[in-house]
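Participant: Next comes work.pdb, PDB, C-alpha atoms:
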ATOM      1  CA  MET A 139       0.000   0.000   0.000  1.00  0.00           C
ATOM      2  CA  THR A 140       1.234   3.468  -0.778  1.00  0.00           C
ATOM      3  CA  ASP A 141       1.850   6.082   1.870  1.00  0.00           C
ATOM      4  CA  ASP A 142      -1.094   8.032   0.407  1.00  0.00           C
ATOM      5  CA  GLY A 143      -3.325   4.981   0.878  1.00  0.00           C
ATOM      6  CA  VAL A 144      -2.420   4.780   4.557  1.00  0.00           C
ATOM      7  CA  ARG A 145      -2.742   8.552   4.900  1.00  0.00           C
ATOM      8  CA  ALA A 146      -6.214   8.524   3.321  1.00  0.00           C
ATOM      9  CA  TRP A 147      -7.333   5.673   5.575  1.00  0.00           C
ATOM     10  CA  ALA A 148      -6.017   7.384   8.704  1.00  0.00           C
ATOM     11  CA  ALA A 149      -7.672  10.680   7.761  1.00  0.00           C
ATOM     12  CA  LEU A 150     -10.978   8.896   7.113  1.00  0.00           C
ATOM     13  CA  LEU A 151     -10.883   7.258  10.539  1.00  0.00           C
ATOM     14  CA  ARG A 152      -9.945  10.479  12.334  1.00  0.00           C
ATOM     15  CA  ILE A 153     -12.538  12.657  10.584  1.00  0.00           C
ATOM     16  CA  HIS A 154     -15.258  10.054  11.082  1.00  0.00           C
ATOM     17  CA  ALA A 155     -14.592   9.883  14.824  1.00  0.00           C
ATOM     18  CA  ALA A 156     -14.340  13.665  15.213  1.00  0.00           C
ATOM     19  CA  VAL A 157     -17.388  14.604  13.137  1.00  0.00           C
ATOM     20  CA  LEU A 158     -19.479  11.825  14.657  1.00  0.00           C
ATOM     21  CA  ARG A 159     -18.638  13.121  18.140  1.00  0.00           C
ATOM     22  CA  ASP A 160     -19.543  16.687  17.101  1.00  0.00           C
ATOM     23  CA  LEU A 161     -22.817  15.566  15.492  1.00  0.00           C
ATOM     24  CA  GLU A 162     -23.750  13.542  18.570  1.00  0.00           C
ATOM     25  CA  GLN A 163     -23.221  16.572  20.797  1.00  0.00           C
ATOM     26  CA  ASP A 164     -25.124  18.874  18.417  1.00  0.00           C
ATOM     27  CA  MET A 165     -28.103  16.528  18.135  1.00  0.00           C
ATOM     28  CA  GLU A 166     -28.358  16.100  21.885  1.00  0.00           C
ATOM     29  CA  ARG A 167     -28.005  19.827  22.542  1.00  0.00           C
ATOM     30  CA  THR A 168     -30.111  21.302  19.744  1.00  0.00           C
ATOM     31  CA  GLN A 169     -32.605  18.531  18.957  1.00  0.00           C
ATOM     32  CA  ASN A 170     -32.754  16.646  22.280  1.00  0.00           C
ATOM     33  CA  LEU A 171     -32.370  13.487  20.214  1.00  0.00           C
ATOM     34  CA  PRO A 172     -29.500  10.981  20.325  1.00  0.00           C
ATOM     35  CA  LEU A 173     -27.751  10.576  16.985  1.00  0.00           C
ATOM     36  CA  THR A 174     -28.305   6.805  17.155  1.00  0.00           C
ATOM     37  CA  TRP A 175     -32.065   7.423  17.405  1.00  0.00           C
ATOM     38  CA  TYR A 176     -31.930   9.758  14.423  1.00  0.00           C
ATOM     39  CA  ASP A 177     -29.969   7.179  12.426  1.00  0.00           C
ATOM     40  CA  VAL A 178     -32.529   4.438  13.125  1.00  0.00           C
ATOM     41  CA  LEU A 179     -35.457   6.744  12.324  1.00  0.00           C
ATOM     42  CA  LEU A 180     -33.727   7.815   9.091  1.00  0.00           C
ATOM     43  CA  GLU A 181     -33.149   4.215   7.976  1.00  0.00           C
ATOM     44  CA  LEU A 182     -36.737   3.219   8.761  1.00  0.00           C
ATOM     45  CA  ASN A 183     -38.091   6.239   6.925  1.00  0.00           C
ATOM     46  CA  ALA A 184     -36.097   5.303   3.802  1.00  0.00           C
ATOM     47  CA  ALA A 185     -37.198   1.641   3.869  1.00  0.00           C
ATOM     48  CA  PRO A 186     -40.119   0.213   1.909  1.00  0.00           C
ATOM     49  CA  ASP A 187     -43.311   0.662   3.950  1.00  0.00           C
ATOM     50  CA  ARG A 188     -41.099   2.369   6.555  1.00  0.00           C
ATOM     51  CA  ARG A 189     -40.232  -0.965   8.131  1.00  0.00           C
ATOM     52  CA  LEU A 190     -37.169  -3.187   8.386  1.00  0.00           C
ATOM     53  CA  ARG A 191     -36.352  -6.516   9.954  1.00  0.00           C
ATOM     54  CA  MET A 192     -34.244  -5.970  13.037  1.00  0.00           C
ATOM     55  CA  GLN A 193     -31.205  -7.670  11.487  1.00  0.00           C
ATOM     56  CA  GLU A 194     -31.368  -5.498   8.380  1.00  0.00           C
ATOM     57  CA  LEU A 195     -31.852  -2.381  10.488  1.00  0.00           C
ATOM     58  CA  GLY A 196     -28.708  -3.270  12.421  1.00  0.00           C
ATOM     59  CA  GLU A 197     -26.745  -3.617   9.195  1.00  0.00           C
ATOM     60  CA  ARG A 198     -28.020  -0.360   7.726  1.00  0.00           C
ATOM     61  CA  ALA A 199     -27.623   1.670  10.904  1.00  0.00           C
ATOM     62  CA  VAL A 200     -24.198   0.086  11.548  1.00  0.00           C
ATOM     63  CA  LEU A 201     -25.167  -1.021  15.037  1.00  0.00           C
ATOM     64  CA  SER A 202     -24.693  -4.338  16.791  1.00  0.00           C
ATOM     65  CA  ARG A 203     -27.727  -6.598  17.060  1.00  0.00           C
ATOM     66  CA  THR A 204     -27.940  -5.982  20.812  1.00  0.00           C
ATOM     67  CA  ARG A 205     -27.580  -2.238  20.436  1.00  0.00           C
ATOM     68  CA  VAL A 206     -30.180  -1.910  17.676  1.00  0.00           C
ATOM     69  CA  SER A 207     -32.614  -3.926  19.785  1.00  0.00           C
ATOM     70  CA  ARG A 208     -32.053  -1.624  22.765  1.00  0.00           C
ATOM     71  CA  ILE A 209     -32.455   1.516  20.645  1.00  0.00           C
ATOM     72  CA  VAL A 210     -35.655   0.193  19.050  1.00  0.00           C
ATOM     73  CA  ASP A 211     -36.987  -0.504  22.556  1.00  0.00           C
ATOM     74  CA  GLU A 212     -36.170   3.087  23.567  1.00  0.00           C
ATOM     75  CA  LEU A 213     -37.795   4.459  20.406  1.00  0.00           C
ATOM     76  CA  ALA A 214     -40.858   2.275  21.043  1.00  0.00           C
ATOM     77  CA  ARG A 215     -41.197   3.667  24.585  1.00  0.00           C
ATOM     78  CA  ALA A 216     -41.067   7.156  23.056  1.00  0.00           C
ATOM     79  CA  GLY A 217     -43.796   6.208  20.560  1.00  0.00           C
ATOM     80  CA  PHE A 218     -41.560   6.631  17.495  1.00  0.00           C
ATOM     81  CA  VAL A 219     -41.326   2.952  16.494  1.00  0.00           C
ATOM     82  CA  VAL A 220     -43.346  -0.206  17.026  1.00  0.00           C
ATOM     83  CA  ARG A 221     -42.145  -3.784  16.944  1.00  0.00           C
ATOM     84  CA  GLU A 222     -44.141  -6.270  14.933  1.00  0.00           C
ATOM     85  CA  LYS A 223     -43.707 -10.026  14.757  1.00  0.00           C
ATOM     86  CA  ASP A 224     -42.742 -11.359  11.353  1.00  0.00           C
ATOM     87  CA  GLU A 225     -45.626 -13.655  10.425  1.00  0.00           C
ATOM     88  CA  THR A 226     -43.475 -15.540   7.884  1.00  0.00           C
ATOM     89  CA  ASP A 227     -40.612 -16.137  10.347  1.00  0.00           C
ATOM     90  CA  ARG A 228     -41.683 -16.373  13.983  1.00  0.00           C
ATOM     91  CA  ARG A 229     -38.082 -15.798  15.107  1.00  0.00           C
ATOM     92  CA  GLY A 230     -37.942 -12.396  13.423  1.00  0.00           C
ATOM     93  CA  ASN A 231     -39.296  -8.979  14.273  1.00  0.00           C
ATOM     94  CA  TRP A 232     -39.909  -5.842  12.271  1.00  0.00           C
ATOM     95  CA  ALA A 233     -39.203  -2.314  13.430  1.00  0.00           C
ATOM     96  CA  VAL A 234     -41.873  -0.012  12.018  1.00  0.00           C
ATOM     97  CA  LEU A 235     -41.741   3.779  11.979  1.00  0.00           C
ATOM     98  CA  THR A 236     -44.817   5.427  13.506  1.00  0.00           C
ATOM     99  CA  PRO A 237     -46.308   8.736  12.341  1.00  0.00           C
ATOM    100  CA  ALA A 238     -44.900  10.320  15.520  1.00  0.00           C
ATOM    101  CA  GLY A 239     -41.459   8.934  14.659  1.00  0.00           C
ATOM    102  CA  ARG A 240     -41.671  10.317  11.147  1.00  0.00           C
ATOM    103  CA  GLU A 241     -42.661  13.728  12.502  1.00  0.00           C
ATOM    104  CA  ARG A 242     -39.774  13.660  15.010  1.00  0.00           C
ATOM    105  CA  LEU A 243     -37.382  12.825  12.182  1.00  0.00           C
ATOM    106  CA  ARG A 244     -38.684  15.778  10.151  1.00  0.00           C
ATOM    107  CA  GLU A 245     -38.279  18.124  13.114  1.00  0.00           C
ATOM    108  CA  ALA A 246     -34.688  17.025  13.735  1.00  0.00           C
ATOM    109  CA  ALA A 247     -33.561  16.917  10.074  1.00  0.00           C
ATOM    110  CA  PRO A 248     -32.576  20.592   9.765  1.00  0.00           C
ATOM    111  CA  GLY A 249     -30.296  20.319  12.807  1.00  0.00           C
ATOM    112  CA  TYR A 250     -28.728  17.131  11.473  1.00  0.00           C
ATOM    113  CA  LEU A 251     -28.104  18.612   8.032  1.00  0.00           C
ATOM    114  CA  ASP A 252     -26.727  21.792   9.573  1.00  0.00           C
ATOM    115  CA  GLY A 253     -24.287  19.737  11.636  1.00  0.00           C
ATOM    116  CA  ILE A 254     -23.071  17.836   8.569  1.00  0.00           C
ATOM    117  CA  ALA A 255     -22.529  21.130   6.769  1.00  0.00           C
ATOM    118  CA  ARG A 256     -20.743  22.893   9.648  1.00  0.00           C
ATOM    119  CA  HIS A 257     -18.546  20.001  10.734  1.00  0.00           C
ATOM    120  CA  PHE A 258     -17.782  18.468   7.352  1.00  0.00           C
ATOM    121  CA  ALA A 259     -19.154  19.634   3.999  1.00  0.00           C
ATOM    122  CA  ASP A 260     -18.504  23.362   4.406  1.00  0.00           C
ATOM    123  CA  HIS A 261     -14.770  22.625   4.696  1.00  0.00           C
ATOM    124  CA  LEU A 262     -14.674  21.136   1.199  1.00  0.00           C
ATOM    125  CA  SER A 263     -15.230  22.689  -2.195  1.00  0.00           C
ATOM    126  CA  GLU A 264     -18.077  21.381  -4.346  1.00  0.00           C
ATOM    127  CA  ALA A 265     -15.573  19.480  -6.486  1.00  0.00           C
ATOM    128  CA  GLU A 266     -13.941  17.947  -3.396  1.00  0.00           C
ATOM    129  CA  ARG A 267     -17.324  16.852  -2.013  1.00  0.00           C
ATOM    130  CA  THR A 268     -18.084  15.150  -5.338  1.00  0.00           C
ATOM    131  CA  THR A 269     -14.661  13.482  -5.432  1.00  0.00           C
ATOM    132  CA  VAL A 270     -14.896  12.246  -1.844  1.00  0.00           C
ATOM    133  CA  ALA A 271     -18.438  10.922  -2.339  1.00  0.00           C
ATOM    134  CA  ASP A 272     -17.543   9.194  -5.616  1.00  0.00           C
ATOM    135  CA  ALA A 273     -14.394   7.628  -4.195  1.00  0.00           C
ATOM    136  CA  LEU A 274     -16.031   6.332  -1.014  1.00  0.00           C
ATOM    137  CA  GLU A 275     -19.049   4.988  -2.927  1.00  0.00           C
ATOM    138  CA  ARG A 276     -16.651   3.140  -5.244  1.00  0.00           C
ATOM    139  CA  VAL A 277     -14.902   1.516  -2.259  1.00  0.00           C
ATOM    140  CA  LEU A 278     -18.275   0.560  -0.783  1.00  0.00           C
ATOM    141  CA  ALA A 279     -19.461  -0.923  -4.093  1.00  0.00           C
ATOM    142  CA  ALA A 280     -16.277  -3.001  -4.338  1.00  0.00           C
ATOM    143  CA  ARG A 281     -17.257  -4.799  -1.127  1.00  0.00           C
ATOM    144  CA  SER A 282     -20.225  -6.428  -2.838  1.00  0.00           C
ATOM    145  CA  GLN A 283     -18.266  -7.750  -5.822  1.00  0.00           C
TER     146      GLN A 283
END
Could you render the structure from this file as structure tokens?

Facilitator:
Amino acid sequence: MTDDGVRAWAALLRIHAAVLRDLEQDMERTQNLPLTWYDVLLELNAAPDRRLRMQELGERAVLSRTRVSRIVDELARAGFVVREKDETDRRGNWAVLTPAGRERLREAAPGYLDGIARHFADHLSEAERTTVADALERVLAARSQ
């Protein structure tokens, strides 16, 4: 691997950790919503019928199976998500976004997008944002080949 390859990897890890920490703090402070909750709500909102099997939700939200289960329980207590048994597989459960969860996601979205801009995107030119997005999407796509 070239020195630039290692440098790019190290920068990616450092910026991910730093921006994630900043976004978590912003979301708690300005939206009174944990970033992990927002991430789960966002993934459910983007899913067909606004529902995902718990395993798939864990993969999409990049959370462990135990952690996604705990977060879904917290979101259910808040009225933002409901759990439904999978009728075709009794071992499985669905997480389903409620109308209240969708509304909470909409309310928090401007703060989330503002945080991404302030802590990340605003520090790059438009061309750099395109290059970074294209390059990282290409690496991600290579995983499935």

Participant: Using only C-alpha atoms, give me every residue within 12 Å of (-30.2, -4.6, 14.4) in file coordinates, as a VMD selection string.

Facilitator: chain A and resid 174 177 to 178 181 to 182 190 to 211 230 to 233

Participant: For A:Leu150, please output as a PyMOL selection string all residues within 12 Å (counting all atoms listed in the file; exclusion window: fewer than 6 positions along the same chain).

Facilitator: chain A and resi 142-144+156-158+258+270+273-274

Participant: Calculate how many Å separate atom CA of A:Asp260 from atom CA of A:Arg167, rounding to one decimal.

Facilitator: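 Going from atom CA of A:Asp260 over to atom CA of A:Arg167 covers 20.8 Å.
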
Participant: Report, in Å to a single decimal, how far apart atom CA of A:Ala185 and atom CA of A:Gly253 are.

Facilitator: 23.5 Å

Participant: Scan for residues within 12 Å of the point (-44.6, 5.9, 22.2) in the coordinates of the file, using only C-alpha atoms, and reply as number ranges by chain.

Facilitator: A: 210-221, 235-239, 242

Participant: Please produce a file of the residues just selected, as a JSON list (two decimals), in the frame of the given file, where the atoms kept are C-alpha atoms.

Facilitator:
[["chain", "number", "residue", "atom", "x", "y", "z"],
["A", 210, "VAL", "CA", -35.66, 0.19, 19.05],
["A", 211, "ASP", "CA", -36.99, -0.50, 22.56],
["A", 212, "GLU", "CA", -36.17, 3.09, 23.57],
["A", 213, "LEU", "CA", -37.80, 4.46, 20.41],
["A", 214, "ALA", "CA", -40.86, 2.28, 21.04],
["A", 215, "ARG", "CA", -41.20, 3.67, 24.58],
["A", 216, "ALA", "CA", -41.07, 7.16, 23.06],
["A", 217, "GLY", "CA", -43.80, 6.21, 20.56],
["A", 218, "PHE", "CA", -41.56, 6.63, 17.50],
["A", 219, "VAL", "CA", -41.33, 2.95, 16.49],
["A", 220, "VAL", "CA", -43.35, -0.21, 17.03],
["A", 221, "ARG", "CA", -42.14, -3.78, 16.94],
["A", 235, "LEU", "CA", -41.74, 3.78, 11.98],
["A", 236, "THR", "CA", -44.82, 5.43, 13.51],
["A", 237, "PRO", "CA", -46.31, 8.74, 12.34],
["A", 238, "ALA", "CA", -44.90, 10.32, 15.52],
["A", 239, "GLY", "CA", -41.46, 8.93, 14.66],
["A", 242, "ARG", "CA", -39.77, 13.66, 15.01]]

Participant: Give me, please, the distance in Å between atom CA of A:Leu179 and atom CA of A:Asp160, quoted to one decimal.

Facilitator: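 Atom-to-atom, atom CA of A:Leu179 to atom CA of A:Asp160, that is 19.4 Å.
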
Participant: Run the PyMOL selection byres ((chain A and resi 165) around 10) mentally over the shown coordinates, then write out the matched residues as JSON, numbers by chain, using the chain letters and numbers from the document.

Facilitator: {"A": [160, 161, 162, 163, 164, 166, 167, 168, 169, 170, 171, 172, 173, 174, 175, 176, 246, 247, 249, 250, 253]}

Participant: What are the centre and edge lengths in Å, to one decimal, of the axis-aligned box around all listed atoms of stretch 171-180 of chain A with 8 Å added on each side, as JSON?

Facilitator:
{"center_x": -31.6, "center_y": 9.0, "center_z": 14.7, "size_x": 23.7, "size_y": 25.0, "size_z": 27.2}

Participant: Please fill the gaps in stretch 169-198 of chain A so it has N, CA and C atoms, and write that as a PDB file, keeping the file's coordinate frame.

Facilitator:
ATOM      1  N   GLN A 169     -31.403  19.275  19.343  1.00  0.00           N
ATOM      2  CA  GLN A 169     -32.605  18.531  18.957  1.00  0.00           C
ATOM      3  C   GLN A 169     -33.150  17.649  20.083  1.00  0.00           C
ATOM      4  N   ASN A 170     -32.374  17.526  21.170  1.00  0.00           N
ATOM      5  CA  ASN A 170     -32.754  16.646  22.280  1.00  0.00           C
ATOM      6  C   ASN A 170     -33.059  15.234  21.758  1.00  0.00           C
ATOM      7  N   LEU A 171     -32.187  14.788  20.856  1.00  0.00           N
ATOM      8  CA  LEU A 171     -32.370  13.487  20.214  1.00  0.00           C
ATOM      9  C   LEU A 171     -30.999  12.848  20.018  1.00  0.00           C
ATOM     10  N   PRO A 172     -30.788  11.648  20.559  1.00  0.00           N
ATOM     11  CA  PRO A 172     -29.500  10.981  20.325  1.00  0.00           C
ATOM     12  C   PRO A 172     -29.287  10.717  18.832  1.00  0.00           C
ATOM     13  N   LEU A 173     -28.073  10.827  18.388  1.00  0.00           N
ATOM     14  CA  LEU A 173     -27.751  10.576  16.985  1.00  0.00           C
ATOM     15  C   LEU A 173     -28.114   9.150  16.579  1.00  0.00           C
ATOM     16  N   THR A 174     -27.942   8.190  17.474  1.00  0.00           N
ATOM     17  CA  THR A 174     -28.305   6.805  17.155  1.00  0.00           C
ATOM     18  C   THR A 174     -29.809   6.686  16.904  1.00  0.00           C
ATOM     19  N   TRP A 175     -30.620   7.427  17.651  1.00  0.00           N
ATOM     20  CA  TRP A 175     -32.065   7.423  17.405  1.00  0.00           C
ATOM     21  C   TRP A 175     -32.349   7.997  16.027  1.00  0.00           C
ATOM     22  N   TYR A 176     -31.713   9.121  15.723  1.00  0.00           N
ATOM     23  CA  TYR A 176     -31.930   9.758  14.423  1.00  0.00           C
ATOM     24  C   TYR A 176     -31.551   8.792  13.300  1.00  0.00           C
ATOM     25  N   ASP A 177     -30.440   8.115  13.455  1.00  0.00           N
ATOM     26  CA  ASP A 177     -29.969   7.179  12.426  1.00  0.00           C
ATOM     27  C   ASP A 177     -30.991   6.071  12.196  1.00  0.00           C
ATOM     28  N   VAL A 178     -31.531   5.503  13.261  1.00  0.00           N
ATOM     29  CA  VAL A 178     -32.529   4.438  13.125  1.00  0.00           C
ATOM     30  C   VAL A 178     -33.806   4.981  12.484  1.00  0.00           C
ATOM     31  N   LEU A 179     -34.266   6.143  12.922  1.00  0.00           N
ATOM     32  CA  LEU A 179     -35.457   6.744  12.324  1.00  0.00           C
ATOM     33  C   LEU A 179     -35.240   7.018  10.836  1.00  0.00           C
ATOM     34  N   LEU A 180     -34.053   7.520  10.485  1.00  0.00           N
ATOM     35  CA  LEU A 180     -33.727   7.815   9.091  1.00  0.00           C
ATOM     36  C   LEU A 180     -33.756   6.548   8.235  1.00  0.00           C
ATOM     37  N   GLU A 181     -33.167   5.473   8.730  1.00  0.00           N
ATOM     38  CA  GLU A 181     -33.149   4.215   7.976  1.00  0.00           C
ATOM     39  C   GLU A 181     -34.555   3.650   7.817  1.00  0.00           C
ATOM     40  N   LEU A 182     -35.361   3.713   8.856  1.00  0.00           N
ATOM     41  CA  LEU A 182     -36.737   3.219   8.761  1.00  0.00           C
ATOM     42  C   LEU A 182     -37.557   4.061   7.785  1.00  0.00           C
ATOM     43  N   ASN A 183     -37.356   5.360   7.816  1.00  0.00           N
ATOM     44  CA  ASN A 183     -38.091   6.239   6.925  1.00  0.00           C
ATOM     45  C   ASN A 183     -37.766   5.954   5.459  1.00  0.00           C
ATOM     46  N   ALA A 184     -36.537   5.564   5.176  1.00  0.00           N
ATOM     47  CA  ALA A 184     -36.097   5.303   3.802  1.00  0.00           C
ATOM     48  C   ALA A 184     -36.479   3.900   3.316  1.00  0.00           C
ATOM     49  N   ALA A 185     -36.906   3.033   4.216  1.00  0.00           N
ATOM     50  CA  ALA A 185     -37.198   1.641   3.869  1.00  0.00           C
ATOM     51  C   ALA A 185     -38.592   1.504   3.255  1.00  0.00           C
ATOM     52  N   PRO A 186     -38.779   0.476   2.452  1.00  0.00           N
ATOM     53  CA  PRO A 186     -40.119   0.213   1.909  1.00  0.00           C
ATOM     54  C   PRO A 186     -41.131   0.044   3.044  1.00  0.00           C
ATOM     55  N   ASP A 187     -42.257   0.694   2.929  1.00  0.00           N
ATOM     56  CA  ASP A 187     -43.311   0.662   3.950  1.00  0.00           C
ATOM     57  C   ASP A 187     -42.824   1.140   5.314  1.00  0.00           C
ATOM     58  N   ARG A 188     -41.690   1.817   5.328  1.00  0.00           N
ATOM     59  CA  ARG A 188     -41.099   2.369   6.555  1.00  0.00           C
ATOM     60  C   ARG A 188     -40.927   1.307   7.640  1.00  0.00           C
ATOM     61  N   ARG A 189     -40.431   0.161   7.214  1.00  0.00           N
ATOM     62  CA  ARG A 189     -40.232  -0.965   8.131  1.00  0.00           C
ATOM     63  C   ARG A 189     -39.038  -1.790   7.684  1.00  0.00           C
ATOM     64  N   LEU A 190     -38.310  -2.325   8.659  1.00  0.00           N
ATOM     65  CA  LEU A 190     -37.169  -3.187   8.386  1.00  0.00           C
ATOM     66  C   LEU A 190     -37.128  -4.305   9.418  1.00  0.00           C
ATOM     67  N   ARG A 191     -36.641  -5.447   8.983  1.00  0.00           N
ATOM     68  CA  ARG A 191     -36.352  -6.516   9.954  1.00  0.00           C
ATOM     69  C   ARG A 191     -35.225  -6.025  10.842  1.00  0.00           C
ATOM     70  N   MET A 192     -35.229  -6.450  12.071  1.00  0.00           N
ATOM     71  CA  MET A 192     -34.244  -5.970  13.037  1.00  0.00           C
ATOM     72  C   MET A 192     -32.810  -6.217  12.553  1.00  0.00           C
ATOM     73  N   GLN A 193     -32.551  -7.369  11.979  1.00  0.00           N
ATOM     74  CA  GLN A 193     -31.205  -7.670  11.487  1.00  0.00           C
ATOM     75  C   GLN A 193     -30.782  -6.686  10.401  1.00  0.00           C
ATOM     76  N   GLU A 194     -31.692  -6.428   9.463  1.00  0.00           N
ATOM     77  CA  GLU A 194     -31.368  -5.498   8.380  1.00  0.00           C
ATOM     78  C   GLU A 194     -31.188  -4.082   8.912  1.00  0.00           C
ATOM     79  N   LEU A 195     -31.992  -3.700   9.872  1.00  0.00           N
ATOM     80  CA  LEU A 195     -31.852  -2.381  10.488  1.00  0.00           C
ATOM     81  C   LEU A 195     -30.477  -2.253  11.131  1.00  0.00           C
ATOM     82  N   GLY A 196     -30.038  -3.292  11.809  1.00  0.00           N
ATOM     83  CA  GLY A 196     -28.708  -3.270  12.421  1.00  0.00           C
ATOM     84  C   GLY A 196     -27.597  -3.105  11.404  1.00  0.00           C
ATOM     85  N   GLU A 197     -27.753  -3.741  10.250  1.00  0.00           N
ATOM     86  CA  GLU A 197     -26.745  -3.617   9.195  1.00  0.00           C
ATOM     87  C   GLU A 197     -26.746  -2.219   8.594  1.00  0.00           C
ATOM     88  N   ARG A 198     -27.923  -1.685   8.343  1.00  0.00           N
ATOM     89  CA  ARG A 198     -28.020  -0.360   7.726  1.00  0.00           C
ATOM     90  C   ARG A 198     -27.585   0.747   8.675  1.00  0.00           C
TER      91      ARG A 198
END
